[in-house]
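Source file: final-v7.cif; contents: mmCIF, C-alpha atoms.
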```
data_start
loop_
_atom_site.group_PDB
_atom_site.id
_atom_site.type_symbol
_atom_site.label_atom_id
_atom_site.label_comp_id
_atom_site.auth_asym_id
_atom_site.auth_seq_id
_atom_site.Cartn_x
_atom_site.Cartn_y
_atom_site.Cartn_z
ATOM 1 C CA MET S 24 -12.142 -9.435 34.751
ATOM 2 C CA ARG S 25 -11.686 -7.017 31.857
ATOM 3 C CA LYS S 26 -10.099 -3.663 32.519
ATOM 4 C CA VAL S 27 -9.453 -1.227 29.676
ATOM 5 C CA LEU S 28 -6.026 0.338 30.171
ATOM 6 C CA GLY S 29 -6.011 4.127 30.025
ATOM 7 C CA PRO S 30 -3.359 6.817 29.706
ATOM 8 C CA ALA S 31 -2.066 6.262 33.275
ATOM 9 C CA PHE S 32 -0.821 2.785 32.311
ATOM 10 C CA PHE S 33 1.216 4.291 29.460
ATOM 11 C CA ASP S 34 2.456 7.305 31.455
ATOM 12 C CA ARG S 35 5.393 5.308 32.795
ATOM 13 C CA PRO S 36 8.919 4.408 31.647
ATOM 14 C CA THR S 37 8.797 2.908 28.158
ATOM 15 C CA LEU S 38 10.584 -0.334 28.957
ATOM 16 C CA ALA S 39 8.303 -1.017 31.924
ATOM 17 C CA VAL S 40 5.261 -0.493 29.678
ATOM 18 C CA ALA S 41 6.769 -2.698 26.934
ATOM 19 C CA LYS S 42 7.302 -5.536 29.408
ATOM 20 C CA ASP S 43 3.953 -5.072 31.163
ATOM 21 C CA LEU S 44 2.044 -5.212 27.851
ATOM 22 C CA ILE S 45 3.078 -8.852 27.470
ATOM 23 C CA GLY S 46 0.000 -10.873 28.469
ATOM 24 C CA LYS S 47 -2.446 -8.013 27.908
ATOM 25 C CA TYR S 48 -4.976 -8.092 25.058
ATOM 26 C CA LEU S 49 -5.105 -5.786 22.075
ATOM 27 C CA VAL S 50 -8.739 -5.344 21.086
ATOM 28 C CA ARG S 51 -9.890 -4.114 17.676
ATOM 29 C CA LYS S 52 -13.507 -3.262 17.005
ATOM 30 C CA ILE S 53 -14.732 -2.834 13.449
ATOM 31 C CA GLY S 54 -18.488 -2.465 13.138
ATOM 32 C CA LYS S 55 -19.964 -4.834 15.722
ATOM 33 C CA LYS S 56 -17.093 -7.324 15.631
ATOM 34 C CA GLU S 57 -14.468 -7.270 18.380
ATOM 35 C CA THR S 58 -11.217 -9.180 17.967
ATOM 36 C CA ARG S 59 -9.110 -9.821 21.098
ATOM 37 C CA LEU S 60 -5.531 -10.986 20.686
ATOM 38 C CA LEU S 61 -2.866 -11.630 23.289
ATOM 39 C CA ILE S 62 0.147 -9.314 23.097
ATOM 40 C CA THR S 63 3.211 -11.574 22.833
ATOM 41 C CA GLU S 64 5.978 -9.281 21.597
ATOM 42 C CA THR S 65 6.836 -5.588 22.017
ATOM 43 C CA GLU S 66 9.759 -3.219 21.498
ATOM 44 C CA GLY S 67 10.524 0.026 23.274
ATOM 45 C CA TYR S 68 11.726 3.186 21.520
ATOM 46 C CA HIS S 69 12.521 6.188 23.632
ATOM 47 C CA GLY S 70 14.410 9.367 23.954
ATOM 48 C CA PHE S 71 15.987 11.928 21.703
ATOM 49 C CA ASN S 72 19.173 9.878 21.311
ATOM 50 C CA ASP S 73 17.682 6.487 20.367
ATOM 51 C CA LEU S 74 19.145 5.997 16.879
ATOM 52 C CA ALA S 75 16.486 3.385 16.035
ATOM 53 C CA SER S 76 13.635 5.766 16.851
ATOM 54 C CA LYS S 77 11.618 7.733 14.304
ATOM 55 C CA ALA S 78 12.303 10.728 16.577
ATOM 56 C CA ARG S 79 16.093 10.544 16.240
ATOM 57 C CA ARG S 80 16.188 13.653 14.017
ATOM 58 C CA GLY S 81 13.734 15.680 16.082
ATOM 59 C CA LYS S 82 10.043 16.401 15.865
ATOM 60 C CA THR S 83 8.515 16.381 12.380
ATOM 61 C CA PRO S 84 4.935 16.312 11.071
ATOM 62 C CA GLY S 85 5.399 12.572 10.469
ATOM 63 C CA ASN S 86 6.509 11.632 13.985
ATOM 64 C CA ALA S 87 4.538 14.289 15.927
ATOM 65 C CA PRO S 88 2.197 11.691 17.511
ATOM 66 C CA MET S 89 5.236 10.202 19.267
ATOM 67 C CA TYR S 90 5.500 13.465 21.240
ATOM 68 C CA ALA S 91 1.821 13.432 22.239
ATOM 69 C CA ARG S 92 0.120 12.299 25.447
ATOM 70 C CA PRO S 93 0.680 8.779 26.759
ATOM 71 C CA GLY S 94 -1.805 6.392 25.152
ATOM 72 C CA THR S 95 -1.747 8.149 21.769
ATOM 73 C CA LEU S 96 -1.541 5.856 18.754
ATOM 74 C CA TYR S 97 1.446 6.378 16.481
ATOM 75 C CA VAL S 98 0.838 4.482 13.231
ATOM 76 C CA TYR S 99 3.387 4.973 10.478
ATOM 77 C CA PHE S 100 4.104 3.487 7.057
ATOM 78 C CA THR S 101 7.432 1.791 6.407
ATOM 79 C CA TYR S 102 9.223 0.183 3.482
ATOM 80 C CA GLY S 103 6.505 1.605 1.228
ATOM 81 C CA MET S 104 4.108 -1.181 2.183
ATOM 82 C CA HIS S 105 3.655 -1.852 5.918
ATOM 83 C CA TRP S 106 1.861 -0.079 8.768
ATOM 84 C CA MET S 107 3.470 -0.176 12.233
ATOM 85 C CA LEU S 108 1.413 0.215 15.424
ATOM 86 C CA ASN S 109 2.980 2.053 18.353
ATOM 87 C CA ILE S 110 1.482 3.316 21.590
ATOM 88 C CA VAL S 111 3.012 6.489 23.027
ATOM 89 C CA THR S 112 4.515 6.293 26.523
ATOM 90 C CA GLU S 113 6.055 8.602 29.129
ATOM 91 C CA ARG S 114 5.446 12.334 29.225
ATOM 92 C CA GLU S 115 4.236 14.724 26.549
ATOM 93 C CA GLU S 116 6.951 16.215 24.298
ATOM 94 C CA TYR S 117 9.309 13.316 25.108
ATOM 95 C CA PRO S 118 9.493 10.939 22.114
ATOM 96 C CA ALA S 119 8.733 7.480 23.428
ATOM 97 C CA ALA S 120 6.527 4.616 22.288
ATOM 98 C CA VAL S 121 6.104 0.845 22.316
ATOM 99 C CA LEU S 122 5.885 -0.994 19.005
ATOM 100 C CA ILE S 123 3.453 -3.917 19.093
ATOM 101 C CA ARG S 124 5.360 -6.707 17.274
ATOM 102 C CA GLY S 125 3.397 -9.879 17.955
ATOM 103 C CA LEU S 126 -0.060 -11.137 18.869
ATOM 104 C CA ALA S 127 -1.561 -14.580 19.425
ATOM 105 C CA LYS S 128 -4.994 -16.049 19.637
ATOM 106 C CA ASN S 129 -6.111 -16.809 23.209
ATOM 107 C CA THR S 130 -3.093 -18.991 23.907
ATOM 108 C CA THR S 131 -2.086 -18.259 27.477
ATOM 109 C CA SER S 132 -3.075 -20.687 30.192
ATOM 110 C CA GLN S 133 -5.053 -18.995 32.952
ATOM 111 C CA HIS S 134 -3.408 -21.421 35.393
ATOM 112 C CA THR S 135 0.276 -21.165 34.475
ATOM 113 C CA GLY S 136 0.500 -17.893 32.554
ATOM 114 C CA VAL S 137 2.514 -19.732 29.888
ATOM 115 C CA CYS S 138 1.979 -19.341 26.155
ATOM 116 C CA GLU S 139 0.799 -22.760 24.945
ATOM 117 C CA ASP S 140 0.177 -22.254 21.225
ATOM 118 C CA VAL S 141 1.856 -20.970 18.062
ATOM 119 C CA VAL S 142 1.853 -17.189 17.690
ATOM 120 C CA ALA S 143 -0.665 -16.334 14.988
ATOM 121 C CA LEU S 144 0.597 -12.855 14.083
ATOM 122 C CA ASP S 145 4.351 -12.820 14.562
ATOM 123 C CA GLY S 146 5.276 -9.506 13.018
ATOM 124 C CA PRO S 147 4.136 -5.901 13.231
ATOM 125 C CA ALA S 148 3.069 -5.747 9.569
ATOM 126 C CA LYS S 149 1.066 -8.982 9.818
ATOM 127 C CA LEU S 150 -0.899 -7.786 12.812
ATOM 128 C CA THR S 151 -1.750 -4.362 11.387
ATOM 129 C CA LYS S 152 -2.934 -5.972 8.159
ATOM 130 C CA PHE S 153 -5.019 -8.549 10.023
ATOM 131 C CA LEU S 154 -6.599 -5.924 12.294
ATOM 132 C CA LYS S 155 -7.034 -3.324 9.528
ATOM 133 C CA ILE S 156 -4.871 -0.755 11.299
ATOM 134 C CA ASP S 157 -3.671 2.123 9.138
ATOM 135 C CA LYS S 158 -3.119 5.897 9.085
ATOM 136 C CA LYS S 159 -6.744 6.578 10.088
ATOM 137 C CA LEU S 160 -5.746 5.700 13.665
ATOM 138 C CA ASN S 161 -2.542 7.766 13.698
ATOM 139 C CA GLY S 162 -2.685 10.442 16.399
ATOM 140 C CA ARG S 163 -5.898 9.116 17.985
ATOM 141 C CA MET S 164 -6.101 8.158 21.637
ATOM 142 C CA LEU S 165 -6.104 4.448 22.318
ATOM 143 C CA GLY S 166 -9.577 3.520 23.555
ATOM 144 C CA ARG S 167 -13.047 2.346 22.637
ATOM 145 C CA ALA S 168 -13.778 5.566 20.710
ATOM 146 C CA ALA S 169 -10.876 4.764 18.361
ATOM 147 C CA GLY S 170 -11.962 1.139 17.981
ATOM 148 C CA LEU S 171 -8.606 -0.027 19.358
ATOM 149 C CA TRP S 172 -7.754 -0.550 23.004
ATOM 150 C CA VAL S 173 -5.757 -2.696 25.415
ATOM 151 C CA GLU S 174 -7.390 -4.845 28.081
ATOM 152 C CA ASP S 175 -5.997 -6.419 31.211
ATOM 153 C CA ARG S 176 -7.929 -9.665 31.556
ATOM 154 C CA GLY S 177 -6.296 -10.737 34.798
ATOM 155 C CA VAL S 178 -3.653 -13.010 33.237
ATOM 156 C CA THR S 179 -0.446 -12.907 35.251
ATOM 157 C CA ILE S 180 2.702 -13.710 33.293
ATOM 158 C CA ASN S 181 5.589 -15.045 35.314
ATOM 159 C CA PRO S 182 8.590 -12.776 34.547
ATOM 160 C CA ARG S 183 10.741 -15.835 33.749
ATOM 161 C CA HIS S 184 8.413 -16.489 30.780
ATOM 162 C CA ILE S 185 9.310 -13.130 29.224
ATOM 163 C CA LYS S 186 12.502 -13.110 27.178
ATOM 164 C CA ARG S 187 14.349 -9.804 26.770
ATOM 165 C CA THR S 188 16.434 -9.371 23.610
ATOM 166 C CA PRO S 189 17.860 -6.690 21.329
ATOM 167 C CA ARG S 190 15.379 -5.098 18.943
ATOM 168 C CA ILE S 191 14.954 -6.430 15.395
ATOM 169 C CA GLY S 192 15.517 -4.807 12.002
ATOM 170 C CA ILE S 193 17.542 -1.775 13.055
ATOM 171 C CA PRO S 194 21.016 -2.488 11.579
ATOM 172 C CA ASN S 195 21.983 1.187 11.234
ATOM 173 C CA ALA S 196 21.232 2.237 14.801
ATOM 174 C CA GLY S 197 24.815 2.240 16.083
ATOM 175 C CA GLU S 198 25.103 1.297 19.760
ATOM 176 C CA TYR S 199 21.291 1.100 19.937
ATOM 177 C CA VAL S 200 21.292 -2.094 17.851
ATOM 178 C CA HIS S 201 22.281 -4.046 20.957
ATOM 179 C CA LYS S 202 19.932 -2.464 23.514
ATOM 180 C CA PRO S 203 17.738 -5.230 25.024
ATOM 181 C CA TRP S 204 14.498 -3.325 24.509
ATOM 182 C CA ARG S 205 12.448 -6.157 22.943
ATOM 183 C CA PHE S 206 10.175 -8.349 25.082
ATOM 184 C CA VAL S 207 8.834 -11.718 23.913
ATOM 185 C CA LEU S 208 6.495 -14.190 25.582
ATOM 186 C CA LYS S 209 8.276 -17.545 25.544
ATOM 187 C CA LYS S 210 6.424 -20.484 24.012
ATOM 188 C CA GLU S 211 6.608 -23.613 26.134
#
```
Would you write the structure of this file as structure tokens?
Amino acid sequence: MRKVLGPAFFDRPTLAVAKDLIGKYLVRKIGKKETRLLITETEGYHGFNDLASKARRGKTPGNAPMYARPGTLYVYFTYGMHWMLNIVTEREEYPAAVLIRGLAKNTTSQHTGVCEDVVALDGPAKLTKFLKIDKKLNGRMLGRAAGLWVEDRGVTINPRHIKRTPRIGIPNAGEYVHKPWRFVLKKE
């Protein structure tokens, strides 16, 4: 079973979406080639007060996609060299999104829902480079028309196989450094 996830899936609380994306497949189509990779790691960013969020200083031309409809792609450049892929969540005009941090090649057992292999793309910059994701997708709606979508392929992940931790790489985010808003599929 393959079901393309639409805006309704993303029009929910950010942390629920971040957790529920674990075990779904990110699909990238370039030309006639489709690449499907298992989502293994996500991070949630939400609200006007989240000091780790790109929206912490209010709406700007650069972060405007984060205020768009649920399911909008927010792709931004960081450290002068890396693209980051986020999918907007919650309601319009509320800055919230899930950063896709890790993907793996078809590594989840259909029987146990456990990740059985080494994560192939264990970082947000690695996965955007591999999938050729850049500013051309920024502000577009996630879906087949954009050449990037998320599929539910019927894999059920046991919640005990999802580890929840603080987010990574946000040392100057004050109290938000310790928020457990990162979700990782455990390798067993």
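Take the candidates S:Ile180, S:Pro118, S:Ile45, S:Gly166 and check each one against Arg80 of chain S using all atoms listed in the file; the shortest distance goes to S:Pro118.
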- Applied to this file, what does the PyMOL selection byres ((chain S and resi 107) around 9) return in terms of residues, put as a ChimeraX atom specification? /S:97-101,105-106,108-109,122-124,147-148,150-151,156-157
Grab the residues selected above and save them as a PDB file, keeping the file's coordinate frame with C-alpha atoms.
```
ATOM      1  CA  TYR S  97       1.446   6.378  16.481  1.00  0.00           C
ATOM      2  CA  VAL S  98       0.838   4.482  13.231  1.00  0.00           C
ATOM      3  CA  TYR S  99       3.387   4.973  10.478  1.00  0.00           C
ATOM      4  CA  PHE S 100       4.104   3.487   7.057  1.00  0.00           C
ATOM      5  CA  THR S 101       7.432   1.791   6.407  1.00  0.00           C
ATOM      6  CA  HIS S 105       3.655  -1.852   5.918  1.00  0.00           C
ATOM      7  CA  TRP S 106       1.861  -0.079   8.768  1.00  0.00           C
ATOM      8  CA  LEU S 108       1.413   0.215  15.424  1.00  0.00           C
ATOM      9  CA  ASN S 109       2.980   2.053  18.353  1.00  0.00           C
ATOM     10  CA  LEU S 122       5.885  -0.994  19.005  1.00  0.00           C
ATOM     11  CA  ILE S 123       3.453  -3.917  19.093  1.00  0.00           C
ATOM     12  CA  ARG S 124       5.360  -6.707  17.274  1.00  0.00           C
ATOM     13  CA  PRO S 147       4.136  -5.901  13.231  1.00  0.00           C
ATOM     14  CA  ALA S 148       3.069  -5.747   9.569  1.00  0.00           C
ATOM     15  CA  LEU S 150      -0.899  -7.786  12.812  1.00  0.00           C
ATOM     16  CA  THR S 151      -1.750  -4.362  11.387  1.00  0.00           C
ATOM     17  CA  ILE S 156      -4.871  -0.755  11.299  1.00  0.00           C
ATOM     18  CA  ASP S 157      -3.671   2.123   9.138  1.00  0.00           C
TER      19      ASP S 157
END
```
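Using all atoms listed in the file, the nearest neighbour of Arg35 of chain S within the list S:Gly81, S:Pro189, S:Pro93, S:Gly197 is S:Pro93.
Contact shell of Gly170 of chain S at 9 Å (only C-alpha atoms; same-chain neighbours under 3 positions omitted): Val50, Arg51, Lys52, Ile53, Gly54, Glu57, Leu160, Leu165, Gly166 and Arg167 of chain S.
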Let me have the centre and edge lengths of the axis-aligned box enclosing all listed atoms of segment 107-120 of chain S with 5 Å padding on every side, in Å to one decimal, as JSON.
```
{"center_x": 5.5, "center_y": 8.0, "center_z": 20.7, "size_x": 18.1, "size_y": 26.4, "size_z": 27.0}
```
- What separation in Å, quoted to one decimal, exists between atom CA of Leu208 of chain S and atom CA of His184 of chain S?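 Atom CA of Leu208 of chain S sits 6.0 Å away from atom CA of His184 of chain S.
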- Note on the structure: Using all atoms listed in the file, the residue out of S:Val173, S:Val40, S:Leu144, S:Met89 with shortest distance to Lys128 of chain S is S:Leu144
Segment 60-71 of chain S surroundings by only C-alpha atoms, 6 Å radius, close-in-sequence under 4 positions cut, as an mmCIF file with C-alpha atoms, in the coordinates of the input:
```
data_model
loop_
_atom_site.group_PDB
_atom_site.id
_atom_site.type_symbol
_atom_site.label_atom_id
_atom_site.label_comp_id
_atom_site.auth_asym_id
_atom_site.auth_seq_id
_atom_site.Cartn_x
_atom_site.Cartn_y
_atom_site.Cartn_z
ATOM 1 C CA THR S 37 8.797 2.908 28.158
ATOM 2 C CA LEU S 38 10.584 -0.334 28.957
ATOM 3 C CA ALA S 41 6.769 -2.698 26.934
ATOM 4 C CA ILE S 45 3.078 -8.852 27.470
ATOM 5 C CA GLY S 46 0.000 -10.873 28.469
ATOM 6 C CA LYS S 47 -2.446 -8.013 27.908
ATOM 7 C CA TYR S 48 -4.976 -8.092 25.058
ATOM 8 C CA LEU S 49 -5.105 -5.786 22.075
ATOM 9 C CA SER S 76 13.635 5.766 16.851
ATOM 10 C CA ARG S 79 16.093 10.544 16.240
ATOM 11 C CA PRO S 118 9.493 10.939 22.114
ATOM 12 C CA ALA S 119 8.733 7.480 23.428
ATOM 13 C CA ALA S 120 6.527 4.616 22.288
ATOM 14 C CA VAL S 121 6.104 0.845 22.316
ATOM 15 C CA LEU S 122 5.885 -0.994 19.005
ATOM 16 C CA ILE S 123 3.453 -3.917 19.093
ATOM 17 C CA ARG S 124 5.360 -6.707 17.274
ATOM 18 C CA GLY S 125 3.397 -9.879 17.955
ATOM 19 C CA LEU S 126 -0.060 -11.137 18.869
ATOM 20 C CA ALA S 127 -1.561 -14.580 19.425
ATOM 21 C CA LYS S 128 -4.994 -16.049 19.637
ATOM 22 C CA TRP S 204 14.498 -3.325 24.509
ATOM 23 C CA ARG S 205 12.448 -6.157 22.943
ATOM 24 C CA PHE S 206 10.175 -8.349 25.082
ATOM 25 C CA VAL S 207 8.834 -11.718 23.913
ATOM 26 C CA LEU S 208 6.495 -14.190 25.582
#
```
Using all atoms listed in the file, which residues sit within 7 Å of Ala91 of chain S once same-chain residues fewer than 3 positions away are excluded, as an mmCIF file with C-alpha atoms, keeping the file's coordinate frame?
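Now in selection_18.cif:
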```cif
data_model
loop_
_atom_site.group_PDB
_atom_site.id
_atom_site.type_symbol
_atom_site.label_atom_id
_atom_site.label_comp_id
_atom_site.auth_asym_id
_atom_site.auth_seq_id
_atom_site.Cartn_x
_atom_site.Cartn_y
_atom_site.Cartn_z
ATOM 1 C CA ALA S 87 4.538 14.289 15.927
ATOM 2 C CA PRO S 88 2.197 11.691 17.511
ATOM 3 C CA THR S 95 -1.747 8.149 21.769
ATOM 4 C CA GLU S 115 4.236 14.724 26.549
ATOM 5 C CA GLU S 116 6.951 16.215 24.298
#
```
- Task: Decode the PyMOL selection byres ((chain S and resi 32) around 10) for the given file into explicit residues and return them as a PyMOL selection string.
- Result: chain S and resi 27-31+33-36+39-40+43-44+93-94+112-113
Quick one: write out the picked residues with C-alpha atoms as a PDB file, in the frame of the given file?
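Now in part.pdb:
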```pdb
ATOM      1  CA  VAL S  27      -9.453  -1.227  29.676  1.00  0.00           C
ATOM      2  CA  LEU S  28      -6.026   0.338  30.171  1.00  0.00           C
ATOM      3  CA  GLY S  29      -6.011   4.127  30.025  1.00  0.00           C
ATOM      4  CA  PRO S  30      -3.359   6.817  29.706  1.00  0.00           C
ATOM      5  CA  ALA S  31      -2.066   6.262  33.275  1.00  0.00           C
ATOM      6  CA  PHE S  33       1.216   4.291  29.460  1.00  0.00           C
ATOM      7  CA  ASP S  34       2.456   7.305  31.455  1.00  0.00           C
ATOM      8  CA  ARG S  35       5.393   5.308  32.795  1.00  0.00           C
ATOM      9  CA  PRO S  36       8.919   4.408  31.647  1.00  0.00           C
ATOM     10  CA  ALA S  39       8.303  -1.017  31.924  1.00  0.00           C
ATOM     11  CA  VAL S  40       5.261  -0.493  29.678  1.00  0.00           C
ATOM     12  CA  ASP S  43       3.953  -5.072  31.163  1.00  0.00           C
ATOM     13  CA  LEU S  44       2.044  -5.212  27.851  1.00  0.00           C
ATOM     14  CA  PRO S  93       0.680   8.779  26.759  1.00  0.00           C
ATOM     15  CA  GLY S  94      -1.805   6.392  25.152  1.00  0.00           C
ATOM     16  CA  THR S 112       4.515   6.293  26.523  1.00  0.00           C
ATOM     17  CA  GLU S 113       6.055   8.602  29.129  1.00  0.00           C
TER      18      GLU S 113
END
```
- Query: Which one of S:Lys186, S:Arg25, S:Lys42, S:Lys155 sits closest to Lys209 of chain S if you count only C-alpha atoms?
  - Reply: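 Smallest separation from Lys209 of chain S among the options: S:Lys186.
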- Task: Have a look at atom CA of Arg163 of chain S and atom CA of Asn195 of chain S and let me know their distance in Å, one decimal.
- Result: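 Taking atom CA of Arg163 of chain S and atom CA of Asn195 of chain S, their separation equals 29.8 Å.
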